[in-house]
file model30.cif (mmCIF, C-alpha atoms and all ligand atoms)
data_protein
loop_
_atom_site.label_atom_id
_atom_site.label_comp_id
_atom_site.auth_asym_id
_atom_site.auth_seq_id
_atom_site.Cartn_x
_atom_site.Cartn_y
_atom_site.Cartn_z
CA MET C 897 31.81 33.10 54.13
CA THR C 898 32.98 29.97 55.89
CA ILE C 899 32.28 26.69 54.15
CA ALA C 900 31.56 23.69 56.34
CA ILE C 901 34.35 21.25 55.58
CA PRO C 902 33.43 17.63 56.27
CA ASP C 903 35.78 16.13 58.84
CA ASP C 904 34.08 12.93 59.98
CA LEU C 905 34.66 9.81 57.85
CA GLU C 906 31.59 8.02 59.19
CA ALA C 907 29.33 10.98 58.42
CA ILE C 908 30.90 11.32 54.96
CA LEU C 909 30.19 7.66 54.14
CA ALA C 910 26.59 8.03 55.34
CA ASP C 911 26.25 11.12 53.14
CA ILE C 912 27.66 9.28 50.11
CA LEU C 913 25.18 6.42 50.52
CA ARG C 914 22.31 8.85 51.04
CA ARG C 915 23.25 10.85 47.93
CA LEU C 916 23.44 7.71 45.78
CA GLY C 917 19.99 6.69 47.00
CA ARG C 918 18.60 10.10 46.16
CA ALA C 919 20.39 10.10 42.77
CA ALA C 920 18.54 6.92 41.81
CA GLN C 921 15.15 8.32 42.82
CA ASP C 922 15.38 11.95 41.72
CA ARG C 923 15.64 12.60 37.98
CA LYS C 924 16.85 16.12 38.74
CA ALA C 925 19.70 15.02 41.04
CA ALA C 926 23.12 15.84 39.62
CA MET C 927 24.27 12.27 40.15
CA HIS C 928 21.22 10.73 38.42
CA ALA C 929 23.24 9.97 35.27
CA PRO C 930 26.80 8.97 36.17
CA VAL C 931 29.54 7.92 33.77
CA VAL C 932 30.00 4.15 33.72
CA GLY C 933 33.37 2.76 32.72
CA THR C 934 34.13 -0.74 31.45
CA ILE C 935 37.06 -2.34 29.66
CA ALA C 936 36.64 -3.19 25.97
CA ALA C 937 37.86 -6.46 24.47
CA ASP C 938 41.03 -4.77 23.19
CA GLY C 939 41.82 -3.50 26.71
CA SER C 940 40.86 0.11 26.08
CA PRO C 941 38.60 2.00 28.52
CA ALA C 942 34.97 2.46 27.43
CA LEU C 943 32.85 5.20 29.05
CA ARG C 944 29.21 6.13 28.69
CA VAL C 945 26.52 8.04 30.58
CA MET C 946 23.82 5.82 32.12
CA VAL C 947 20.78 6.56 34.25
CA LEU C 948 21.11 5.20 37.77
CA ARG C 949 17.89 3.23 38.35
CA ALA C 950 18.35 1.93 41.88
CA PHE C 951 20.83 1.86 44.73
CA ASP C 952 20.85 -0.64 47.57
CA PRO C 953 23.06 0.80 50.34
CA ALA C 954 23.26 -2.44 52.36
CA ALA C 955 24.62 -4.40 49.37
CA ALA C 956 26.37 -1.33 47.88
CA ARG C 957 24.73 -2.31 44.59
CA LEU C 958 23.90 0.05 41.75
CA ARG C 959 21.36 -0.94 39.13
CA PHE C 960 21.36 0.27 35.55
CA HIS C 961 19.33 -0.78 32.51
CA SER C 962 20.76 -1.60 29.11
CA ASP C 963 19.89 -3.17 25.82
CA ALA C 964 21.14 -6.76 26.03
CA ARG C 965 22.77 -6.37 22.62
CA ALA C 966 24.88 -3.34 23.65
CA ALA C 967 28.67 -3.45 23.67
CA LYS C 968 28.88 -2.91 27.43
CA VAL C 969 26.79 -6.03 28.05
CA ALA C 970 29.25 -8.19 26.12
CA GLN C 971 32.12 -6.49 27.95
CA ILE C 972 30.66 -7.26 31.37
CA GLY C 973 29.03 -10.70 31.03
CA ASP C 974 28.93 -12.61 34.31
CA ALA C 975 31.67 -10.58 36.04
CA ALA C 976 33.90 -7.67 35.08
CA PRO C 977 35.54 -4.70 36.77
CA ILE C 978 33.46 -1.52 36.65
CA SER C 979 34.03 2.12 37.43
CA VAL C 980 31.25 4.64 38.05
CA LEU C 981 31.91 8.37 38.17
CA CYS C 982 29.42 10.67 39.91
CA TYR C 983 29.82 14.44 40.01
CA ASP C 984 27.63 17.05 41.69
CA PRO C 985 28.89 20.55 40.78
CA GLY C 986 26.54 22.26 43.27
CA ALA C 987 27.73 20.14 46.19
CA LYS C 988 31.32 20.23 44.86
CA LEU C 989 31.51 16.46 45.22
CA GLN C 990 33.03 13.74 43.07
CA PHE C 991 32.58 10.04 43.85
CA ARG C 992 34.71 7.47 42.04
CA LEU C 993 33.13 4.07 42.63
CA THR C 994 34.78 0.81 41.64
CA GLY C 995 33.67 -2.77 41.94
CA THR C 996 32.45 -5.78 40.00
CA ALA C 997 29.53 -5.79 37.60
CA ARG C 998 27.38 -8.49 36.06
CA ILE C 999 24.52 -8.65 33.62
CA GLU C 1000 21.17 -10.16 34.53
CA TYR C 1001 18.52 -10.98 31.92
CA ASP C 1002 16.00 -13.40 33.36
CA SER C 1003 15.25 -12.82 37.01
CA PRO C 1004 12.40 -11.57 39.15
CA VAL C 1005 14.28 -8.26 39.58
CA ALA C 1006 14.68 -7.90 35.80
CA ASP C 1007 11.00 -8.74 35.24
CA GLN C 1008 9.99 -6.19 37.88
CA ALA C 1009 12.25 -3.50 36.40
CA TRP C 1010 10.75 -4.16 32.95
CA GLN C 1011 7.21 -3.90 34.30
CA ASN C 1012 8.02 -0.70 36.18
CA ALA C 1013 9.55 1.01 33.13
CA THR C 1014 7.26 3.32 31.17
CA LEU C 1015 5.96 2.19 27.77
CA PHE C 1016 8.06 4.97 26.27
CA ALA C 1017 11.24 3.65 27.95
CA ARG C 1018 10.43 0.06 26.96
CA ARG C 1019 9.98 1.16 23.35
CA CYS C 1020 13.79 1.68 23.08
CA TYR C 1021 14.30 -2.08 23.34
CA LEU C 1022 12.45 -2.64 20.05
CA ALA C 1023 15.41 -1.28 18.06
CA ASP C 1024 16.24 -3.34 15.00
CA PRO C 1025 19.00 -3.88 14.03
CA ALA C 1026 20.78 -3.85 17.39
CA PRO C 1027 22.04 -0.62 19.00
CA GLY C 1028 25.59 0.07 17.88
CA SER C 1029 25.03 -1.33 14.35
CA LEU C 1030 26.43 0.90 11.62
CA SER C 1031 23.85 2.49 9.34
CA ASP C 1032 23.98 4.11 5.89
CA ALA C 1033 21.42 6.71 6.97
CA PRO C 1034 20.51 8.61 10.18
CA VAL C 1035 18.09 6.30 12.01
CA SER C 1036 16.36 5.84 15.38
CA GLY C 1037 16.46 2.06 15.06
CA LEU C 1038 12.68 1.95 15.52
CA THR C 1039 10.20 1.09 12.77
CA ALA C 1040 8.34 4.06 11.29
CA ASP C 1041 4.99 3.08 12.81
CA ILE C 1042 6.24 3.39 16.39
CA ALA C 1043 9.13 5.86 16.11
CA GLY C 1044 7.02 8.99 16.48
CA ARG C 1045 4.63 8.01 19.25
CA VAL C 1046 4.17 6.47 22.68
CA PRO C 1047 3.27 2.75 22.42
CA ASP C 1048 -0.43 1.97 22.89
CA ASP C 1049 -0.08 -0.88 25.36
CA GLU C 1050 2.12 -3.57 26.90
CA ASP C 1051 1.62 -5.92 23.95
CA GLU C 1052 3.26 -3.47 21.62
CA VAL C 1053 6.49 -3.29 23.68
CA ALA C 1054 6.51 -6.97 24.79
CA PRO C 1055 8.88 -8.09 21.98
CA GLY C 1056 11.50 -5.77 23.52
CA ARG C 1057 11.69 -7.80 26.74
CA VAL C 1058 14.31 -10.20 25.31
CA ASN C 1059 16.54 -7.18 24.63
CA PHE C 1060 16.25 -5.80 28.16
CA ALA C 1061 19.03 -6.42 30.67
CA LEU C 1062 20.10 -5.24 34.09
CA LEU C 1063 23.64 -4.09 34.77
CA LEU C 1064 24.30 -4.67 38.47
CA ALA C 1065 27.42 -3.11 39.95
CA ASP C 1066 28.62 -4.22 43.38
CA ILE C 1067 30.79 -1.44 44.74
CA ASN C 1068 33.70 -2.22 47.04
CA ARG C 1069 35.66 1.01 46.85
CA ILE C 1070 34.60 4.66 46.92
CA GLU C 1071 36.96 7.53 46.45
CA TRP C 1072 35.39 10.76 47.67
CA LEU C 1073 36.58 14.27 46.75
CA PHE C 1074 35.20 17.52 48.14
CA LEU C 1075 36.33 20.80 46.58
CA ALA C 1076 36.80 23.85 48.82
CA HIS C 1077 38.70 27.12 48.35
CA THR C 1078 40.24 26.71 51.76
CA GLY C 1079 41.58 23.27 50.91
CA HIS C 1080 40.08 20.24 49.26
CA ARG C 1081 39.37 17.00 51.11
CA ARG C 1082 39.73 13.46 49.82
CA ALA C 1083 38.94 10.11 51.38
CA LEU C 1084 38.92 6.44 50.46
CA PHE C 1085 36.32 3.93 51.65
CA GLU C 1086 36.84 0.21 51.17
CA ARG C 1087 34.16 -2.40 51.76
CA TYR C 1088 35.01 -5.71 53.37
CA ALA C 1089 33.30 -8.99 52.43
CA ASP C 1090 31.21 -8.76 55.61
CA GLY C 1091 29.73 -5.45 54.39
CA ARG C 1092 31.61 -3.15 56.77
CA TRP C 1093 33.30 -0.08 55.32
CA TYR C 1094 36.75 1.16 56.28
CA GLY C 1095 37.55 4.82 55.62
CA GLN C 1096 40.88 6.66 55.36
CA TRP C 1097 41.83 10.22 54.54
CA MET C 1098 43.91 10.91 51.42
CA VAL C 1099 45.85 13.93 50.29
CA PRO C 1100 43.70 15.64 47.63
C1 LIG D 1201 21.62 11.30 29.64
C2 LIG D 1201 21.90 9.93 29.07
C3 LIG D 1201 21.36 8.83 29.70
C4 LIG D 1201 21.61 7.55 29.19
N1 LIG D 1201 21.08 6.48 29.85
C5 LIG D 1201 21.37 5.23 29.41
C6 LIG D 1201 20.93 4.09 30.15
O1 LIG D 1201 20.26 4.19 31.18
N2 LIG D 1201 21.24 2.87 29.65
C7 LIG D 1201 22.00 2.70 28.53
O2 LIG D 1201 22.26 1.55 28.16
N3 LIG D 1201 22.45 3.75 27.82
C8 LIG D 1201 22.16 5.01 28.24
N4 LIG D 1201 22.62 6.11 27.54
C9 LIG D 1201 23.35 5.88 26.27
C10 LIG D 1201 24.80 5.48 26.58
O3 LIG D 1201 25.52 6.62 26.99
C11 LIG D 1201 25.49 4.82 25.37
O4 LIG D 1201 25.48 5.70 24.27
C12 LIG D 1201 24.82 3.52 24.95
O5 LIG D 1201 24.36 2.78 26.06
C13 LIG D 1201 25.76 2.63 24.15
O6 LIG D 1201 26.87 2.27 24.94
P1 LIG D 1201 27.71 0.93 24.68
O7 LIG D 1201 27.88 0.81 23.19
O8 LIG D 1201 29.00 1.14 25.40
O9 LIG D 1201 26.92 -0.22 25.24
C14 LIG D 1201 22.40 7.39 28.03
C15 LIG D 1201 22.95 8.51 27.43
C16 LIG D 1201 22.71 9.76 27.93
C17 LIG D 1201 23.33 10.94 27.26
#

call {"tool": "encode", "arguments": {"input": "model30.cif", "output": "structure tokens"}}
result
Amino acid sequence: MTIAIPDDLEAILADILRRLGRAAQDRKAAMHAPVVGTIAADGSPALRVMVLRAFDPAAARLRFHSDARAAKVAQIGDAAPISVLCYDPGAKLQFRLTGTARIEYDSPVADQAWQNATLFARRCYLADPAPGSLSDAPVSGLTADIAGRVPDDEDEVAPGRVNFALLLADINRIEWLFLAHTGHRRALFERYADGRWYGQWMVP
């Protein structure tokens, strides 16, 4: 069987942007939960899986949600380098995205994202003490009255709003890798300040 090997940089970039858009919308998409890399205070790499909530192809911006008290939020602050790794085994594709991230707490976009989240998702932000705190016992972080059920209404999850933050990653570099028996393909796309992308082939 012959496998169609992508050979057009423009078409590859369009495919990347389309796949990221779909990954944000489709919970079953392989790239729905990429690995997000930051740099810890001691300089070591810190990786974790996060659900991709939105992708804006024009701005090349990825949106994730996090507890405001999480380690990654302190690591990122107003601006920090970020790396996002997406892998789709079925499509045999790996995207390595890099750029600059920032945290947003109080903004119309954050308010909208909070409102759009399910009560069940918003319940996570009620954790006390903060996520990442050490505990003497196995715990969910939620109080017993709410741990085992879906919250009744908005009022019940409202106290979690102060703990809800957006992680916005502006991507300026995409490294694309396509695996094929007949020979892999690899390309690099860099985004200029004016929003145009420049693509180049690389040796896999
Ligand atoms: C499938 C999956 C999805 C996850 N989605 C998120 C997410 O959307 N946001 C988030 O903050 N953590 C998410 N996590 C938890 C993170 O991987 C991580 O454990 C947590 O955010 C703490 O990371 P930090 O201490 O580096 O901030 C997810 C974990 C898994 C396994």

call {"tool": "closest_atom_pairs", "arguments": {"input": "model30.cif", "of": "chain C", "to": "ligand LIG 1201 (chain D)", "cutoff": "7 Å", "atoms": "all atoms listed in the file", "output": "CSV"}}
result
residue,atom,partner,partner_atom,distance
C:Ala929,CA,D:LIG1201,C3,6.0
C:Ala942,CA,D:LIG1201,O8,6.4
C:Leu943,CA,D:LIG1201,O8,6.7
C:Arg944,CA,D:LIG1201,O3,4.1
C:Val945,CA,D:LIG1201,O3,4.0
C:Met946,CA,D:LIG1201,N1,3.6
C:Val947,CA,D:LIG1201,O1,3.9
C:Leu948,CA,D:LIG1201,O1,6.7
C:Phe960,CA,D:LIG1201,O1,6.0
C:His961,CA,D:LIG1201,N2,5.0
C:Ser962,CA,D:LIG1201,O2,3.6
C:Asp963,CA,D:LIG1201,O2,5.8
C:Ala966,CA,D:LIG1201,O9,4.1
C:Ala967,CA,D:LIG1201,O9,4.0
C:Lys968,CA,D:LIG1201,O9,4.0
C:Val969,CA,D:LIG1201,O9,6.5
C:Gly1028,CA,D:LIG1201,O7,5.8

call {"tool": "closest_atom_pairs", "arguments": {"input": "model30.cif", "of": "region 910-930 of chain C", "to": "region 993-1016 of chain C", "cutoff": "12 Å", "atoms": "only C-alpha atoms", "output": "JSON lines"}}
result
{"residue": "C:Ile912", "atom": "CA", "partner": "C:Leu993", "partner_atom": "CA", "distance": 10.6}
{"residue": "C:Leu913", "atom": "CA", "partner": "C:Leu993", "partner_atom": "CA", "distance": 11.4}
{"residue": "C:Leu916", "atom": "CA", "partner": "C:Leu993", "partner_atom": "CA", "distance": 10.8}
{"residue": "C:Pro930", "atom": "CA", "partner": "C:Leu993", "partner_atom": "CA", "distance": 10.3}

call {"tool": "write_last_selection", "arguments": {"input": "model30.cif", "atoms": "C-alpha atoms", "output": "PDB file, in the coordinates of the input"}}
result
ATOM      1  CA  ILE C 912      27.660   9.280  50.110  1.00  0.00           C
ATOM      2  CA  LEU C 913      25.180   6.420  50.520  1.00  0.00           C
ATOM      3  CA  LEU C 916      23.440   7.710  45.780  1.00  0.00           C
ATOM      4  CA  PRO C 930      26.800   8.970  36.170  1.00  0.00           C
TER       5      PRO C 930
END

call {"tool": "closest_residue", "arguments": {"input": "model30.cif", "among": "C:Asp938, C:Asp974, C:Lys988, C:Cys982", "to": "His1077 (chain C)", "atoms": "all atoms listed in the file"}}
result
C:Lys988

call {"tool": "residues_around", "arguments": {"input": "model30.cif", "residues": "Val1046 (chain C)", "least_positions_apart": "2", "cutoff": "9 Å", "atoms": "only C-alpha atoms", "output": "JSON list (two decimals) with C-alpha atoms, in the frame of the given file"}}
result
[["chain", "number", "residue", "atom", "x", "y", "z"],
["C", 1015, "LEU", "CA", 5.96, 2.19, 27.77],
["C", 1016, "PHE", "CA", 8.06, 4.97, 26.27],
["C", 1019, "ARG", "CA", 9.98, 1.16, 23.35],
["C", 1042, "ILE", "CA", 6.24, 3.39, 16.39],
["C", 1043, "ALA", "CA", 9.13, 5.86, 16.11],
["C", 1044, "GLY", "CA", 7.02, 8.99, 16.48],
["C", 1048, "ASP", "CA", -0.43, 1.97, 22.89],
["C", 1049, "ASP", "CA", -0.08, -0.88, 25.36]]

call {"tool": "atom_distance", "arguments": {"input": "model30.cif", "atom1": "CA of Leu905 (chain C)", "atom2": "CA of Leu1064 (chain C)"}}
result
26.3 Å

call {"tool": "atom_distance", "arguments": {"input": "model30.cif", "atom1": "CA of Ala976 (chain C)", "atom2": "CA of Val932 (chain C)"}}
result
12.5 Å

call {"tool": "residues_around", "arguments": {"input": "model30.cif", "residues": "Ala1083 (chain C)", "least_positions_apart": "3", "cutoff": "8 Å", "atoms": "only C-alpha atoms", "output": "PyMOL selection string"}}
result
chain C and resi 905+1071-1073+1095-1099

call {"tool": "atom_distance", "arguments": {"input": "model30.cif", "atom1": "CA of Phe1060 (chain C)", "atom2": "CA of Ile972 (chain C)"}}
result
14.8 Å

call {"tool": "axis_aligned_box", "arguments": {"input": "model30.cif", "around": "region 1044-1060 of chain C", "padding_each_side": "5 Å", "output": "JSON"}}
result
{"center_x": 8.1, "center_y": -0.6, "center_z": 22.3, "size_x": 27.0, "size_y": 29.2, "size_z": 21.7}

call {"tool": "residues_around", "arguments": {"input": "model30.cif", "residues": "region 900-903 of chain C", "least_positions_apart": "4", "cutoff": "10 Å", "atoms": "all atoms listed in the file", "output": "list in words"}}
result
Ala907, Ile908, Phe1074, Leu1075, Ala1076, Thr1078, Gly1079, His1080, Arg1081, Arg1082 and Trp1097 of chain C

call {"tool": "residues_around", "arguments": {"input": "model30.cif", "residues": "region 920-926 of chain C", "least_positions_apart": "2", "cutoff": "7 Å", "atoms": "only C-alpha atoms", "output": "PyMOL selection string"}}
result
chain C and resi 916-918+928+948-951+983-984

call {"tool": "residues_near_point", "arguments": {"input": "model30.cif", "point": "(17.1, 0.7, 20.0)", "cutoff": "9 Å", "atoms": "all atoms listed in the file", "output": "tab-separated table (two decimals) with C-alpha atoms, in the frame of the given file"}}
result
chain	number	residue	atom	x	y	z
C	963	ASP	CA	19.89	-3.17	25.82
C	1019	ARG	CA	9.98	1.16	23.35
C	1020	CYS	CA	13.79	1.68	23.08
C	1021	TYR	CA	14.30	-2.08	23.34
C	1022	LEU	CA	12.45	-2.64	20.05
C	1023	ALA	CA	15.41	-1.28	18.06
C	1024	ASP	CA	16.24	-3.34	15.00
C	1025	PRO	CA	19.00	-3.88	14.03
C	1026	ALA	CA	20.78	-3.85	17.39
C	1027	PRO	CA	22.04	-0.62	19.00
C	1028	GLY	CA	25.59	0.07	17.88
C	1036	SER	CA	16.36	5.84	15.38
C	1037	GLY	CA	16.46	2.06	15.06
C	1038	LEU	CA	12.68	1.95	15.52
